[in-house]
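J.: So here's run-v2.pdb (PDB, C-alpha atoms).
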```
ATOM      1  CA  MET A   1     -23.465 -67.731 -59.765
ATOM      2  CA  GLU A   2     -23.026 -64.330 -58.146
ATOM      3  CA  GLY A   3     -22.544 -66.075 -54.806
ATOM      4  CA  ILE A   4     -19.746 -68.194 -56.235
ATOM      5  CA  VAL A   5     -17.989 -65.139 -57.663
ATOM      6  CA  ALA A   6     -18.359 -63.374 -54.307
ATOM      7  CA  LEU A   7     -16.870 -66.433 -52.584
ATOM      8  CA  VAL A   8     -13.908 -66.423 -54.975
ATOM      9  CA  ASN A   9     -13.302 -62.728 -54.330
ATOM     10  CA  GLU A  10     -13.530 -63.278 -50.568
ATOM     11  CA  ILE A  11     -11.013 -66.128 -50.680
ATOM     12  CA  VAL A  12      -8.591 -64.111 -52.824
ATOM     13  CA  GLU A  13      -8.811 -61.098 -50.507
ATOM     14  CA  SER A  14      -8.230 -63.366 -47.529
ATOM     15  CA  LEU A  15      -5.188 -64.964 -49.159
ATOM     16  CA  PHE A  16      -3.844 -61.565 -50.148
ATOM     17  CA  SER A  17      -4.155 -60.170 -46.632
ATOM     18  CA  ASP A  18      -2.764 -63.329 -44.987
ATOM     19  CA  PHE A  19       0.212 -63.933 -47.284
ATOM     20  CA  ASN A  20       1.141 -60.489 -48.573
ATOM     21  CA  TYR A  21       2.815 -59.092 -45.451
ATOM     22  CA  GLY A  22       3.543 -55.884 -47.415
ATOM     23  CA  LYS A  23       6.066 -57.525 -49.728
ATOM     24  CA  ASN A  24       6.330 -56.325 -53.309
ATOM     25  CA  GLU A  25       7.260 -59.808 -54.546
ATOM     26  CA  THR A  26       3.933 -61.275 -53.476
ATOM     27  CA  LYS A  27       1.969 -58.402 -55.044
ATOM     28  CA  SER A  28       3.189 -59.462 -58.481
ATOM     29  CA  VAL A  29       2.055 -63.048 -57.852
ATOM     30  CA  MET A  30      -1.385 -62.281 -56.425
ATOM     31  CA  PRO A  31      -3.187 -61.898 -59.811
ATOM     32  CA  TYR A  32      -2.373 -65.550 -60.434
ATOM     33  CA  CYS A  33      -3.951 -66.395 -57.098
ATOM     34  CA  LYS A  34      -7.420 -65.406 -58.328
ATOM     35  CA  ILE A  35      -7.010 -67.496 -61.461
ATOM     36  CA  SER A  36      -5.943 -70.493 -59.387
ATOM     37  CA  VAL A  37      -8.849 -70.157 -56.957
ATOM     38  CA  GLU A  38     -11.344 -69.777 -59.825
ATOM     39  CA  LYS A  39      -9.915 -72.805 -61.626
ATOM     40  CA  TYR A  40     -10.135 -74.928 -58.493
ATOM     41  CA  ILE A  41     -13.678 -73.920 -57.520
ATOM     42  CA  PHE A  42     -15.172 -73.968 -61.014
ATOM     43  CA  GLY A  43     -13.377 -77.240 -61.728
ATOM     44  CA  LYS A  44     -15.180 -78.795 -58.779
ATOM     45  CA  LEU A  45     -18.519 -77.328 -59.904
ATOM     46  CA  ASN A  46     -18.116 -77.996 -63.622
ATOM     47  CA  GLU A  47     -20.502 -80.951 -63.858
ATOM     48  CA  ASN A  48     -23.197 -79.225 -61.809
ATOM     49  CA  LEU A  49     -22.912 -75.982 -63.769
ATOM     50  CA  TYR A  50     -23.086 -77.850 -67.072
ATOM     51  CA  ALA A  51     -26.204 -79.726 -65.954
ATOM     52  CA  MET A  52     -27.871 -76.483 -64.884
ATOM     53  CA  TYR A  53     -26.976 -74.858 -68.203
ATOM     54  CA  ALA A  54     -28.277 -77.831 -70.184
ATOM     55  CA  LEU A  55     -31.551 -77.833 -68.255
ATOM     56  CA  LYS A  56     -32.024 -74.088 -68.683
ATOM     57  CA  ASN A  57     -31.295 -74.140 -72.433
ATOM     58  CA  ASN A  58     -32.975 -77.436 -73.265
ATOM     59  CA  GLU A  59     -35.690 -75.915 -75.481
ATOM     60  CA  ILE A  60     -33.233 -73.761 -77.443
ATOM     61  CA  ASP A  61     -31.000 -76.797 -77.956
ATOM     62  CA  LYS A  62     -33.941 -78.875 -79.147
ATOM     63  CA  VAL A  63     -34.874 -76.249 -81.767
ATOM     64  CA  PHE A  64     -31.235 -76.034 -82.867
ATOM     65  CA  ARG A  65     -31.002 -79.823 -83.327
ATOM     66  CA  GLN A  66     -34.246 -79.885 -85.355
ATOM     67  CA  LYS A  67     -33.079 -77.096 -87.682
ATOM     68  CA  ARG A  68     -29.668 -78.731 -88.039
ATOM     69  CA  LYS A  69     -31.308 -82.021 -88.967
ATOM     70  CA  GLN A  70     -33.480 -80.300 -91.586
ATOM     71  CA  ILE A  71     -30.466 -78.570 -93.115
ATOM     72  CA  LEU A  72     -28.423 -81.767 -93.212
ATOM     73  CA  GLU A  73     -31.282 -83.643 -94.865
ATOM     74  CA  LYS A  74     -31.552 -80.984 -97.620
ATOM     75  CA  THR A  75     -27.852 -80.791 -98.374
ATOM     76  CA  SER A  76     -25.704 -83.471 -99.897
ATOM     77  CA  ILE A  77     -22.039 -84.272 -99.483
ATOM     78  CA  ILE A  78     -21.353 -83.623-103.174
TER      79      ILE A  78
END
```
Once you've parsed the file, please lay out its structure as structure tokens.
T.:
Amino acid sequence: MEGIVALVNEIVESLFSDFNYGKNETKSVMPYCKISVEKYIFGKLNENLYAMYALKNNEIDKVFRQKRKQILEKTSII
């Protein structure tokens, strides 16, 4: 994950140095550049990141589902 964040920062710095040209107008737009780059990269990695998260937290999720089932069995709709 740290590598991905470093990649995002590297891309944003590269875009800033390539397209800024010392103009004040582009400085006000550059914060949106980082958001756009993050959205693009994490959008492409979303499925892989979710699978990694699900695998890592599988045991915690299993315990949560068991406790939820027990609670729902003890309570009634009325």
J.: So what do you get for CA of Ile41 (chain A) versus CA of Val8 (chain A), distance-wise?
T.: 7.9 Å
J.: When you count only C-alpha atoms, which of these residues is closest to Phe16 (chain A): A:Ile35, A:Met30, A:Leu49, A:Ile4?
T.: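 Closest to Phe16 (chain A) of all the choices is A:Met30.
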J.: Interatomic distance between CA of Ile11 (chain A) and CA of Lys34 (chain A)?
T.: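 Value for the CA of Ile11 (chain A)-CA of Lys34 (chain A) distance: 8.5 Å.
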J.: When distances are computed from all atoms listed in the file, which of A:Leu72, A:Val63, A:Val29, A:Leu55 shows the smallest separation from Leu15 (chain A)?
T.: A:Val29
J.: Quick one, how far is CA of Asp61 (chain A) from CA of Leu45 (chain A)?
T.: 22.0 Å
